[in-house]
>>> print(open('query.pdb').read())   # PDB, C-alpha atoms
ATOM      1  CA  MET A   1     -69.944  45.050 109.845
ATOM      2  CA  THR A   2     -69.110  42.784 106.920
ATOM      3  CA  LEU A   3     -66.423  42.688 104.280
ATOM      4  CA  SER A   4     -69.095  43.282 101.652
ATOM      5  CA  GLU A   5     -70.099  46.519 103.360
ATOM      6  CA  LEU A   6     -66.493  47.673 103.417
ATOM      7  CA  ARG A   7     -66.079  46.713  99.761
ATOM      8  CA  TYR A   8     -69.226  48.616  98.783
ATOM      9  CA  ALA A   9     -68.099  51.708 100.676
ATOM     10  CA  VAL A  10     -64.719  51.660  98.927
ATOM     11  CA  ALA A  11     -66.448  51.266  95.569
ATOM     12  CA  VAL A  12     -68.664  54.289  96.265
ATOM     13  CA  ALA A  13     -65.615  56.326  97.272
ATOM     14  CA  ASP A  14     -63.878  55.372  94.019
ATOM     15  CA  ALA A  15     -66.876  55.942  91.734
ATOM     16  CA  ARG A  16     -68.327  58.957  93.590
ATOM     17  CA  HIS A  17     -71.689  57.565  92.510
ATOM     18  CA  PHE A  18     -73.924  54.854  93.995
ATOM     19  CA  GLY A  19     -75.175  53.576  90.649
ATOM     20  CA  ARG A  20     -71.709  53.171  89.140
ATOM     21  CA  ALA A  21     -70.433  51.605  92.368
ATOM     22  CA  ALA A  22     -73.298  49.074  92.286
ATOM     23  CA  GLU A  23     -72.437  48.180  88.685
ATOM     24  CA  ALA A  24     -68.775  47.702  89.604
ATOM     25  CA  CYS A  25     -69.769  45.422  92.499
ATOM     26  CA  HIS A  26     -72.384  43.539  90.417
ATOM     27  CA  VAL A  27     -75.193  44.247  92.869
ATOM     28  CA  SER A  28     -78.345  46.307  92.703
ATOM     29  CA  GLN A  29     -78.131  49.945  93.726
ATOM     30  CA  PRO A  30     -80.729  49.564  96.526
ATOM     31  CA  SER A  31     -78.768  46.661  98.026
ATOM     32  CA  LEU A  32     -75.545  48.627  97.940
ATOM     33  CA  SER A  33     -77.167  51.757  99.384
ATOM     34  CA  VAL A  34     -78.712  49.783 102.253
ATOM     35  CA  ALA A  35     -75.371  48.136 103.043
ATOM     36  CA  VAL A  36     -73.518  51.466 103.084
ATOM     37  CA  ARG A  37     -76.191  53.046 105.279
ATOM     38  CA  LYS A  38     -75.968  50.080 107.653
ATOM     39  CA  LEU A  39     -72.193  50.557 107.884
ATOM     40  CA  GLU A  40     -72.630  54.267 108.618
ATOM     41  CA  ASP A  41     -75.180  53.498 111.327
ATOM     42  CA  GLU A  42     -72.898  50.950 112.959
ATOM     43  CA  LEU A  43     -69.895  53.302 112.889
ATOM     44  CA  GLY A  44     -71.944  56.299 113.943
ATOM     45  CA  VAL A  45     -70.517  58.595 111.224
ATOM     46  CA  MET A  46     -71.567  59.806 107.800
ATOM     47  CA  LEU A  47     -69.171  58.476 105.192
ATOM     48  CA  PHE A  48     -70.653  60.315 102.203
ATOM     49  CA  GLU A  49     -72.432  63.556 101.458
ATOM     50  CA  ARG A  50     -75.329  62.724  99.148
ATOM     51  CA  GLY A  51     -76.337  65.171  96.435
ATOM     52  CA  HIS A  52     -78.262  65.169  93.190
ATOM     53  CA  GLY A  53     -75.080  64.594  91.200
ATOM     54  CA  GLU A  54     -71.887  62.892  92.256
ATOM     55  CA  ILE A  55     -71.366  62.358  95.958
ATOM     56  CA  SER A  56     -68.374  63.397  98.050
ATOM     57  CA  VAL A  57     -66.548  61.649 100.882
ATOM     58  CA  THR A  58     -66.696  63.294 104.310
ATOM     59  CA  PRO A  59     -63.495  63.890 106.306
ATOM     60  CA  ALA A  60     -64.441  61.022 108.616
ATOM     61  CA  GLY A  61     -65.267  58.953 105.563
ATOM     62  CA  GLU A  62     -61.804  59.509 104.128
ATOM     63  CA  ARG A  63     -60.238  57.970 107.224
ATOM     64  CA  VAL A  64     -62.690  55.071 107.316
ATOM     65  CA  ILE A  65     -62.252  54.330 103.607
ATOM     66  CA  ALA A  66     -58.460  54.346 103.961
ATOM     67  CA  GLN A  67     -58.714  51.812 106.778
ATOM     68  CA  ALA A  68     -61.260  49.763 104.824
ATOM     69  CA  ARG A  69     -58.827  49.553 101.902
ATOM     70  CA  GLN A  70     -56.172  48.239 104.240
ATOM     71  CA  VAL A  71     -58.538  45.646 105.703
ATOM     72  CA  LEU A  72     -59.599  44.449 102.248
ATOM     73  CA  SER A  73     -55.975  44.284 101.138
ATOM     74  CA  GLU A  74     -55.099  42.139 104.155
ATOM     75  CA  VAL A  75     -58.037  39.840 103.406
ATOM     76  CA  GLU A  76     -56.805  39.482  99.835
ATOM     77  CA  GLN A  77     -53.366  38.651 101.202
ATOM     78  CA  LEU A  78     -54.916  35.910 103.339
ATOM     79  CA  ARG A  79     -56.648  34.461 100.313
ATOM     80  CA  ASN A  80     -53.448  34.594  98.306
ATOM     81  CA  VAL A  81     -51.477  32.873 101.050
ATOM     82  CA  ALA A  82     -54.065  30.109 101.258
ATOM     83  CA  ALA A  83     -54.501  29.718  97.504
ATOM     84  CA  GLN A  84     -50.832  29.835  96.635
ATOM     85  CA  SER A  85     -49.449  27.877  99.591
ATOM     86  CA  GLN A  86     -49.349  24.726  97.496
ATOM     87  CA  ASP A  87     -47.867  26.314  94.358
ATOM     88  CA  PRO A  88     -47.149  30.069  94.010
ATOM     89  CA  MET A  89     -46.812  29.608  90.242
ATOM     90  CA  VAL A  90     -50.483  28.699  89.908
ATOM     91  CA  GLY A  91     -53.069  31.434  89.563
ATOM     92  CA  PRO A  92     -53.282  34.837  87.862
ATOM     93  CA  LEU A  93     -50.640  37.503  88.457
ATOM     94  CA  ARG A  94     -51.976  41.081  88.347
ATOM     95  CA  LEU A  95     -49.389  43.086  86.438
ATOM     96  CA  GLY A  96     -49.334  46.843  85.883
ATOM     97  CA  VAL A  97     -47.130  48.409  83.199
ATOM     98  CA  ILE A  98     -46.634  52.045  82.223
ATOM     99  CA  TYR A  99     -47.847  53.110  78.794
ATOM    100  CA  THR A 100     -44.384  53.612  77.293
ATOM    101  CA  ILE A 101     -43.233  50.088  78.132
ATOM    102  CA  ALA A 102     -46.263  47.809  77.766
ATOM    103  CA  PRO A 103     -46.680  47.758  73.935
ATOM    104  CA  TYR A 104     -43.022  46.920  73.377
ATOM    105  CA  LEU A 105     -42.188  44.561  76.243
ATOM    106  CA  LEU A 106     -45.392  42.526  76.584
ATOM    107  CA  PRO A 107     -45.434  40.920  73.098
ATOM    108  CA  GLU A 108     -41.920  39.616  73.797
ATOM    109  CA  LEU A 109     -42.552  38.757  77.451
ATOM    110  CA  ILE A 110     -45.814  36.821  77.331
ATOM    111  CA  PRO A 111     -44.580  33.854  75.220
ATOM    112  CA  VAL A 112     -41.484  33.492  77.411
ATOM    113  CA  LEU A 113     -43.452  33.727  80.663
ATOM    114  CA  HIS A 114     -46.104  31.321  79.408
ATOM    115  CA  ALA A 115     -43.408  28.740  78.702
ATOM    116  CA  ARG A 116     -41.952  29.204  82.201
ATOM    117  CA  ALA A 117     -45.247  29.414  84.115
ATOM    118  CA  PRO A 118     -48.131  28.131  81.964
ATOM    119  CA  GLN A 119     -50.551  28.149  84.904
ATOM    120  CA  MET A 120     -49.865  31.796  85.808
ATOM    121  CA  PRO A 121     -51.802  33.990  83.352
ATOM    122  CA  LEU A 122     -51.388  37.748  83.503
ATOM    123  CA  VAL A 123     -54.116  40.232  84.346
ATOM    124  CA  ILE A 124     -52.629  43.336  82.725
ATOM    125  CA  GLU A 125     -53.279  47.008  83.352
ATOM    126  CA  GLU A 126     -51.596  49.845  81.451
ATOM    127  CA  ASN A 127     -51.549  53.185  83.229
ATOM    128  CA  TYR A 128     -49.523  56.169  84.381
ATOM    129  CA  THR A 129     -46.880  55.607  87.067
ATOM    130  CA  SER A 130     -48.875  57.606  89.623
ATOM    131  CA  ARG A 131     -51.957  55.461  89.130
ATOM    132  CA  LEU A 132     -50.028  52.178  89.174
ATOM    133  CA  ARG A 133     -48.368  53.310  92.415
ATOM    134  CA  GLU A 134     -51.756  53.719  94.101
ATOM    135  CA  ARG A 135     -53.130  50.480  92.671
ATOM    136  CA  LEU A 136     -50.099  48.591  93.950
ATOM    137  CA  LYS A 137     -50.295  50.133  97.422
ATOM    138  CA  GLN A 138     -54.019  49.339  97.635
ATOM    139  CA  GLY A 139     -53.430  45.694  96.692
ATOM    140  CA  ASP A 140     -55.246  45.941  93.360
ATOM    141  CA  LEU A 141     -52.049  44.972  91.531
ATOM    142  CA  ASP A 142     -49.432  42.408  92.522
ATOM    143  CA  VAL A 143     -46.399  43.783  90.682
ATOM    144  CA  ILE A 144     -45.732  46.695  88.340
ATOM    145  CA  ILE A 145     -43.124  47.574  85.724
ATOM    146  CA  VAL A 146     -42.063  51.213  85.872
ATOM    147  CA  SER A 147     -39.138  53.498  85.206
ATOM    148  CA  LEU A 148     -36.883  54.526  88.071
ATOM    149  CA  PRO A 149     -36.708  56.445  90.323
ATOM    150  CA  PHE A 150     -39.621  54.859  92.172
ATOM    151  CA  GLU A 151     -39.668  54.990  95.966
ATOM    152  CA  GLU A 152     -42.529  54.066  98.262
ATOM    153  CA  PRO A 153     -42.551  52.729 101.853
ATOM    154  CA  GLY A 154     -43.259  49.013 101.921
ATOM    155  CA  ILE A 155     -42.490  48.611  98.213
ATOM    156  CA  VAL A 156     -39.509  46.640  96.873
ATOM    157  CA  THR A 157     -37.911  47.578  93.547
ATOM    158  CA  LEU A 158     -35.544  45.527  91.424
ATOM    159  CA  PRO A 159     -33.842  46.918  88.280
ATOM    160  CA  LEU A 160     -34.411  44.967  85.055
ATOM    161  CA  TYR A 161     -32.632  46.806  82.257
ATOM    162  CA  ASP A 162     -31.247  50.112  81.046
ATOM    163  CA  GLU A 163     -32.863  51.404  77.883
ATOM    164  CA  PRO A 164     -31.140  54.065  75.758
ATOM    165  CA  PHE A 165     -33.084  56.798  74.033
ATOM    166  CA  VAL A 166     -32.790  57.269  70.277
ATOM    167  CA  GLY A 167     -33.553  60.077  67.873
ATOM    168  CA  VAL A 168     -36.300  59.334  65.360
ATOM    169  CA  LEU A 169     -36.501  61.522  62.263
ATOM    170  CA  PRO A 170     -38.159  61.641  58.854
ATOM    171  CA  GLY A 171     -35.960  59.759  56.403
ATOM    172  CA  SER A 172     -35.339  62.906  54.360
ATOM    173  CA  HIS A 173     -34.340  65.075  57.338
ATOM    174  CA  PRO A 174     -30.798  66.548  57.193
ATOM    175  CA  LEU A 175     -29.962  65.050  60.608
ATOM    176  CA  ALA A 176     -30.680  61.603  59.170
ATOM    177  CA  GLU A 177     -27.467  61.895  57.142
ATOM    178  CA  ARG A 178     -25.428  61.653  60.363
ATOM    179  CA  GLU A 179     -24.492  58.386  62.073
ATOM    180  CA  THR A 180     -25.264  59.881  65.502
ATOM    181  CA  VAL A 181     -27.094  63.015  66.611
ATOM    182  CA  GLU A 182     -26.829  65.419  69.538
ATOM    183  CA  LEU A 183     -29.674  66.189  71.912
ATOM    184  CA  GLN A 184     -29.073  69.891  71.344
ATOM    185  CA  ALA A 185     -29.563  69.405  67.602
ATOM    186  CA  MET A 186     -32.932  67.732  68.221
ATOM    187  CA  ALA A 187     -33.924  70.620  70.460
ATOM    188  CA  GLN A 188     -33.593  73.008  67.522
ATOM    189  CA  GLU A 189     -36.240  71.129  65.548
ATOM    190  CA  THR A 190     -39.996  70.818  65.865
ATOM    191  CA  LEU A 191     -40.015  68.175  68.589
ATOM    192  CA  LEU A 192     -42.888  65.792  69.232
ATOM    193  CA  LEU A 193     -43.374  64.838  72.904
ATOM    194  CA  LEU A 194     -45.878  62.964  75.014
ATOM    195  CA  GLY A 195     -48.380  65.045  76.953
ATOM    196  CA  ALA A 196     -48.135  65.962  80.621
ATOM    197  CA  GLY A 197     -48.473  63.053  83.052
ATOM    198  CA  HIS A 198     -46.152  60.686  81.193
ATOM    199  CA  CYS A 199     -42.923  60.035  83.077
ATOM    200  CA  PHE A 200     -41.070  59.538  79.797
ATOM    201  CA  ARG A 201     -41.819  63.123  78.807
ATOM    202  CA  ASP A 202     -40.321  64.291  82.119
ATOM    203  CA  GLN A 203     -37.256  62.128  81.569
ATOM    204  CA  VAL A 204     -36.654  63.590  78.116
ATOM    205  CA  LEU A 205     -36.950  67.155  79.408
ATOM    206  CA  GLU A 206     -34.723  66.378  82.388
ATOM    207  CA  ARG A 207     -31.976  65.141  80.097
ATOM    208  CA  CYS A 208     -32.582  67.834  77.500
ATOM    209  CA  PRO A 209     -33.714  71.097  79.144
ATOM    210  CA  GLU A 210     -33.333  72.823  75.769
ATOM    211  CA  CYS A 211     -36.111  70.591  74.446
ATOM    212  CA  GLN A 212     -38.643  72.539  76.533
ATOM    213  CA  LYS A 213     -39.389  75.507  74.316
ATOM    214  CA  THR A 214     -42.239  77.700  73.166
ATOM    215  CA  VAL A 215     -42.925  79.737  70.065
ATOM    216  CA  THR A 216     -41.470  83.245  70.136
ATOM    217  CA  ALA A 217     -43.541  86.272  69.214
ATOM    218  CA  ASP A 218     -42.217  86.257  65.651
ATOM    219  CA  GLY A 219     -42.580  82.508  65.331
ATOM    220  CA  SER A 220     -38.851  81.966  64.814
ATOM    221  CA  THR A 221     -38.503  79.201  67.412
ATOM    222  CA  PRO A 222     -40.119  75.905  66.393
ATOM    223  CA  SER A 223     -42.695  74.762  68.902
ATOM    224  CA  ASN A 224     -43.099  71.376  70.530
ATOM    225  CA  LEU A 225     -46.051  69.252  69.494
ATOM    226  CA  GLU A 226     -47.726  66.650  71.691
ATOM    227  CA  GLY A 227     -48.976  63.160  70.941
ATOM    228  CA  SER A 228     -51.143  60.865  73.021
ATOM    229  CA  SER A 229     -48.873  57.823  72.641
ATOM    230  CA  LEU A 230     -45.451  56.869  71.356
ATOM    231  CA  GLU A 231     -47.107  55.068  68.465
ATOM    232  CA  THR A 232     -48.956  58.221  67.415
ATOM    233  CA  ILE A 233     -45.790  60.289  67.706
ATOM    234  CA  ARG A 234     -43.823  57.865  65.552
ATOM    235  CA  HIS A 235     -46.521  57.965  62.860
ATOM    236  CA  MET A 236     -46.391  61.769  62.900
ATOM    237  CA  VAL A 237     -42.624  61.730  62.474
ATOM    238  CA  ALA A 238     -42.918  59.330  59.533
ATOM    239  CA  SER A 239     -45.384  61.731  57.942
ATOM    240  CA  GLY A 240     -42.821  64.537  58.198
ATOM    241  CA  MET A 241     -44.380  66.535  61.044
ATOM    242  CA  GLY A 242     -41.176  66.776  63.100
ATOM    243  CA  VAL A 243     -38.627  64.745  65.065
ATOM    244  CA  THR A 244     -38.829  62.918  68.367
ATOM    245  CA  ILE A 245     -36.889  61.147  71.110
ATOM    246  CA  LEU A 246     -38.044  57.620  71.935
ATOM    247  CA  PRO A 247     -36.949  54.697  74.100
ATOM    248  CA  CYS A 248     -35.125  52.341  71.766
ATOM    249  CA  THR A 249     -37.736  49.578  72.031
ATOM    250  CA  ALA A 250     -40.364  51.971  70.654
ATOM    251  CA  ALA A 251     -38.344  53.187  67.650
ATOM    252  CA  GLY A 252     -40.035  50.786  65.240
ATOM    253  CA  ALA A 253     -37.861  51.610  62.239
ATOM    254  CA  ASP A 254     -38.683  48.216  60.719
ATOM    255  CA  ARG A 255     -42.300  49.286  60.274
ATOM    256  CA  TYR A 256     -41.473  51.907  57.653
ATOM    257  CA  ALA A 257     -39.349  52.166  54.536
ATOM    258  CA  GLN A 258     -36.025  53.918  55.188
ATOM    259  CA  ARG A 259     -37.124  56.872  53.095
ATOM    260  CA  LEU A 260     -39.878  57.579  55.630
ATOM    261  CA  LEU A 261     -38.193  57.017  58.996
ATOM    262  CA  ALA A 262     -34.639  57.119  60.308
ATOM    263  CA  VAL A 263     -33.454  56.063  63.787
ATOM    264  CA  ARG A 264     -30.171  57.464  65.057
ATOM    265  CA  ARG A 265     -28.249  56.871  68.266
ATOM    266  CA  PHE A 266     -27.264  59.828  70.412
ATOM    267  CA  GLU A 267     -23.737  60.942  71.024
ATOM    268  CA  GLU A 268     -22.240  60.371  74.475
ATOM    269  CA  PRO A 269     -23.487  60.700  77.108
ATOM    270  CA  VAL A 270     -26.410  58.693  75.745
ATOM    271  CA  PRO A 271     -29.694  59.477  77.550
ATOM    272  CA  SER A 272     -31.442  56.415  78.943
ATOM    273  CA  ARG A 273     -33.916  55.161  81.514
ATOM    274  CA  ARG A 274     -33.765  52.281  83.987
ATOM    275  CA  VAL A 275     -36.773  49.949  83.990
ATOM    276  CA  ALA A 276     -37.624  48.019  87.160
ATOM    277  CA  LEU A 277     -40.092  45.730  88.868
ATOM    278  CA  ALA A 278     -41.892  46.945  91.988
ATOM    279  CA  TRP A 279     -44.016  44.941  94.412
ATOM    280  CA  ARG A 280     -45.201  45.029  98.013
ATOM    281  CA  SER A 281     -42.640  43.646 100.451
ATOM    282  CA  ARG A 282     -45.328  41.434 102.002
ATOM    283  CA  PHE A 283     -46.563  39.989  98.694
ATOM    284  CA  PRO A 284     -46.901  36.242  99.433
ATOM    285  CA  ARG A 285     -45.717  34.987  96.025
ATOM    286  CA  PRO A 286     -42.083  36.081  95.630
ATOM    287  CA  GLU A 287     -41.501  33.045  93.406
ATOM    288  CA  ALA A 288     -44.001  34.493  90.916
ATOM    289  CA  VAL A 289     -42.140  37.812  90.868
ATOM    290  CA  GLU A 290     -38.855  36.003  90.290
ATOM    291  CA  ALA A 291     -40.386  33.999  87.431
ATOM    292  CA  LEU A 292     -41.543  37.263  85.882
ATOM    293  CA  ARG A 293     -38.081  38.778  86.270
ATOM    294  CA  GLN A 294     -36.383  35.774  84.730
ATOM    295  CA  ALA A 295     -38.810  35.835  81.811
ATOM    296  CA  ILE A 296     -38.104  39.512  81.171
ATOM    297  CA  LEU A 297     -34.359  38.831  81.173
ATOM    298  CA  GLN A 298     -34.947  36.205  78.478
ATOM    299  CA  THR A 299     -36.924  38.459  76.143
ATOM    300  CA  PRO A 300     -35.256  39.332  72.830
ATOM    301  CA  LEU A 301     -35.012  43.073  73.463
ATOM    302  CA  THR A 302     -31.755  43.579  71.601
ATOM    303  CA  CYS A 303     -31.313  47.309  72.210
ATOM    304  CA  VAL A 304     -31.443  47.259  76.036
ATOM    305  CA  ASP A 305     -28.776  46.400  78.588
ATOM    306  CA  PHE A 306     -30.164  43.780  80.967
ATOM    307  CA  ILE A 307     -29.174  43.939  84.643
ATOM    308  CA  ARG A 308     -28.446  40.440  85.919
ATOM    309  CA  PRO A 309     -27.420  39.132  89.361
ATOM    310  CA  GLY A 310     -23.849  40.115  90.077
ATOM    311  CA  ASP A 311     -24.021  43.329  88.058
ATOM    312  CA  GLY A 312     -23.903  45.316  91.307
ATOM    313  CA  ASP A 313     -27.534  46.517  91.221
ATOM    314  CA  GLY A 314     -30.630  45.632  93.159
TER     315      GLY A 314
END
>>> encode(input="query.pdb", output="structure tokens")
Amino acid sequence: MTLSELRYAVAVADARHFGRAAEACHVSQPSLSVAVRKLEDELGVMLFERGHGEISVTPAGERVIAQARQVLSEVEQLRNVAAQSQDPMVGPLRLGVIYTIAPYLLPELIPVLHARAPQMPLVIEENYTSRLRERLKQGDLDVIIVSLPFEEPGIVTLPLYDEPFVGVLPGSHPLAERETVELQAMAQETLLLLGAGHCFRDQVLERCPECQKTVTADGSTPSNLEGSSLETIRHMVASGMGVTILPCTAAGADRYAQRLLAVRRFEEPVPSRRVALAWRSRFPRPEAVEALRQAILQTPLTCVDFIRPGDGDG
């Protein structure tokens, strides 16, 4: 068997379609199909059930594909070791970032990192934590930026900063007249939240159980509304649709006149999240991860509390 055959089989398992897998691998569909069939013949098992629509992976195929991913990851590690043995700061770094961090950290991070490591460009992927976890484990990403807790065998995490949550309200809202607001007060309003699947939504509801509410039969309890991104939610608040809870870096009060948007800190205890780096313990370029960490610590994120060596974390 060849590495190409293993790579094609993994691509078919991911795409659940031979045509889409061939496109992803930049080969013709007949060539890919022949290679996968050859692999099946050599192993003596059927990896896929073929149908008129999307295909499915057989139970034996699931085990073979899992092993194939591991083999391909190890091969990639070999290439990285060889390529980076002379200088680990040379070559792309594949970085994954969750949706609620990327738009606010990356514009500040990239200029700082480029100055520190000009020959280490970033290949960036935004995604949900669950997807970034799998991509990191499979070797498709080198390092990810997520919110804790994040635990996975073989994965190292290192805290970067603590980020407080803030209340964001229409400028004319009665709560905007206060210097600080209570979570319970926000829970009594029409609250805009991210949809299911976002870890930030779960963090808000964990810290504010009262914020999880539904409309009563007589409509007396204001309902929660959902937005697809923090940017969309903030625009909706500025338009007067309701209030929201955001990480401080996403508040964006400077983008609107004060009459449209107000940002208020919460009363103690202030809800917050801890942002961290995560990477495979066997990743051969720890110097690249450290350069990324140092660059993040130098970003001008004024509302967060950076965790530096000696702070007792990590």
>>> residues_around(input="query.pdb", residues="range 148-151 of chain A", least_positions_apart="6", cutoff="8 Å", atoms="only C-alpha atoms", output="ChimeraX atom specification")
/A:157,273-276
>>> resolve_selection(input="query.pdb", expression="the PyMOL selection byres ((chain A and resi 72) around 12)", output="PyMOL selection string")
chain A and resi 2-11+65-71+73-79+137-140
>>> write_last_selection(input="query.pdb", atoms="C-alpha atoms", output="PDB file, keeping the file's coordinate frame")
ATOM      1  CA  THR A   2     -69.110  42.784 106.920  1.00  0.00           C
ATOM      2  CA  LEU A   3     -66.423  42.688 104.280  1.00  0.00           C
ATOM      3  CA  SER A   4     -69.095  43.282 101.652  1.00  0.00           C
ATOM      4  CA  GLU A   5     -70.099  46.519 103.360  1.00  0.00           C
ATOM      5  CA  LEU A   6     -66.493  47.673 103.417  1.00  0.00           C
ATOM      6  CA  ARG A   7     -66.079  46.713  99.761  1.00  0.00           C
ATOM      7  CA  TYR A   8     -69.226  48.616  98.783  1.00  0.00           C
ATOM      8  CA  ALA A   9     -68.099  51.708 100.676  1.00  0.00           C
ATOM      9  CA  VAL A  10     -64.719  51.660  98.927  1.00  0.00           C
ATOM     10  CA  ALA A  11     -66.448  51.266  95.569  1.00  0.00           C
ATOM     11  CA  ILE A  65     -62.252  54.330 103.607  1.00  0.00           C
ATOM     12  CA  ALA A  66     -58.460  54.346 103.961  1.00  0.00           C
ATOM     13  CA  GLN A  67     -58.714  51.812 106.778  1.00  0.00           C
ATOM     14  CA  ALA A  68     -61.260  49.763 104.824  1.00  0.00           C
ATOM     15  CA  ARG A  69     -58.827  49.553 101.902  1.00  0.00           C
ATOM     16  CA  GLN A  70     -56.172  48.239 104.240  1.00  0.00           C
ATOM     17  CA  VAL A  71     -58.538  45.646 105.703  1.00  0.00           C
ATOM     18  CA  SER A  73     -55.975  44.284 101.138  1.00  0.00           C
ATOM     19  CA  GLU A  74     -55.099  42.139 104.155  1.00  0.00           C
ATOM     20  CA  VAL A  75     -58.037  39.840 103.406  1.00  0.00           C
ATOM     21  CA  GLU A  76     -56.805  39.482  99.835  1.00  0.00           C
ATOM     22  CA  GLN A  77     -53.366  38.651 101.202  1.00  0.00           C
ATOM     23  CA  LEU A  78     -54.916  35.910 103.339  1.00  0.00           C
ATOM     24  CA  ARG A  79     -56.648  34.461 100.313  1.00  0.00           C
ATOM     25  CA  LYS A 137     -50.295  50.133  97.422  1.00  0.00           C
ATOM     26  CA  GLN A 138     -54.019  49.339  97.635  1.00  0.00           C
ATOM     27  CA  GLY A 139     -53.430  45.694  96.692  1.00  0.00           C
ATOM     28  CA  ASP A 140     -55.246  45.941  93.360  1.00  0.00           C
TER      29      ASP A 140
END
>>> residues_near_point(input="query.pdb", point="(-33.4, 35.4, 77.0)", cutoff="12 Å", atoms="all atoms listed in the file", output="ChimeraX atom specification")
/A:108-109,111-113,116,293-302,306,308
>>> residues_around(input="query.pdb", residues="Val237 in chain A", least_positions_apart="5", cutoff="8 Å", atoms="all atoms listed in the file", output="number ranges by chain")
A: 168-170, 192, 242-244, 261
>>> write_last_selection(input="query.pdb", atoms="C-alpha atoms", output="CSV table (one decimal), keeping the file's coordinate frame")
chain,number,residue,atom,x,y,z
A,168,VAL,CA,-36.3,59.3,65.4
A,169,LEU,CA,-36.5,61.5,62.3
A,170,PRO,CA,-38.2,61.6,58.9
A,192,LEU,CA,-42.9,65.8,69.2
A,242,GLY,CA,-41.2,66.8,63.1
A,243,VAL,CA,-38.6,64.7,65.1
A,244,THR,CA,-38.8,62.9,68.4
A,261,LEU,CA,-38.2,57.0,59.0
>>> closest_residue(input="query.pdb", among="A:Arg207, A:Arg282, A:His173, A:Arg94", to="Gly240 in chain A", atoms="all atoms listed in the file")
A:His173
>>> residues_around(input="query.pdb", residues="Pro209 in chain A", least_positions_apart="2", cutoff="12 Å", atoms="all atoms listed in the file", output="number ranges by chain")
A: 183-184, 186-188, 201-207, 211-213
>>> closest_residue(input="query.pdb", among="A:Glu54, A:Asp41, A:Asp142, A:Glu62", to="Arg285 in chain A", atoms="only C-alpha atoms")
A:Asp142
>>> decode(input="query.pdb", residues="range 20-30 of chain A", atoms="N, CA, C and O atoms", output="mmCIF file, in the first residue's frame")
data_model
loop_
_atom_site.group_PDB
_atom_site.id
_atom_site.type_symbol
_atom_site.label_atom_id
_atom_site.label_comp_id
_atom_site.auth_asym_id
_atom_site.auth_seq_id
_atom_site.Cartn_x
_atom_site.Cartn_y
_atom_site.Cartn_z
ATOM 1 N N ARG A 20 -16.225 14.260 -4.584
ATOM 2 C CA ARG A 20 -15.738 15.361 -3.754
ATOM 3 C C ARG A 20 -14.361 15.040 -3.171
ATOM 4 O O ARG A 20 -13.522 15.928 -3.014
ATOM 5 N N ALA A 21 -14.142 13.760 -2.833
ATOM 6 C CA ALA A 21 -12.828 13.368 -2.320
ATOM 7 C C ALA A 21 -11.754 13.565 -3.389
ATOM 8 O O ALA A 21 -10.646 14.020 -3.092
ATOM 9 N N ALA A 22 -12.076 13.214 -4.643
ATOM 10 C CA ALA A 22 -11.113 13.391 -5.738
ATOM 11 C C ALA A 22 -10.781 14.871 -5.924
ATOM 12 O O ALA A 22 -9.621 15.237 -6.136
ATOM 13 N N GLU A 23 -11.800 15.733 -5.836
ATOM 14 C CA GLU A 23 -11.553 17.167 -5.961
ATOM 15 C C GLU A 23 -10.645 17.655 -4.836
ATOM 16 O O GLU A 23 -9.736 18.465 -5.064
ATOM 17 N N ALA A 24 -10.895 17.187 -3.621
ATOM 18 C CA ALA A 24 -10.080 17.616 -2.481
ATOM 19 C C ALA A 24 -8.631 17.172 -2.629
ATOM 20 O O ALA A 24 -7.717 17.848 -2.161
ATOM 21 N N CYS A 25 -8.433 16.003 -3.266
ATOM 22 C CA CYS A 25 -7.079 15.462 -3.443
ATOM 23 C C CYS A 25 -6.434 15.898 -4.755
ATOM 24 O O CYS A 25 -5.285 15.510 -5.041
ATOM 25 N N HIS A 26 -7.188 16.641 -5.589
ATOM 26 C CA HIS A 26 -6.683 17.141 -6.869
ATOM 27 C C HIS A 26 -6.266 16.006 -7.803
ATOM 28 O O HIS A 26 -5.210 16.049 -8.450
ATOM 29 N N VAL A 27 -7.097 14.967 -7.832
ATOM 30 C CA VAL A 27 -6.889 13.859 -8.765
ATOM 31 C C VAL A 27 -8.220 13.554 -9.442
ATOM 32 O O VAL A 27 -9.276 14.037 -9.010
ATOM 33 N N SER A 28 -8.160 12.764 -10.480
ATOM 34 C CA SER A 28 -9.399 12.378 -11.155
ATOM 35 C C SER A 28 -10.142 11.347 -10.314
ATOM 36 O O SER A 28 -9.523 10.582 -9.561
ATOM 37 N N GLN A 29 -11.461 11.316 -10.468
ATOM 38 C CA GLN A 29 -12.239 10.346 -9.694
ATOM 39 C C GLN A 29 -11.882 8.906 -10.044
ATOM 40 O O GLN A 29 -11.755 8.063 -9.138
ATOM 41 N N PRO A 30 -11.680 8.564 -11.335
ATOM 42 C CA PRO A 30 -11.287 7.171 -11.630
ATOM 43 C C PRO A 30 -9.977 6.774 -10.963
ATOM 44 O O PRO A 30 -9.857 5.660 -10.447
#
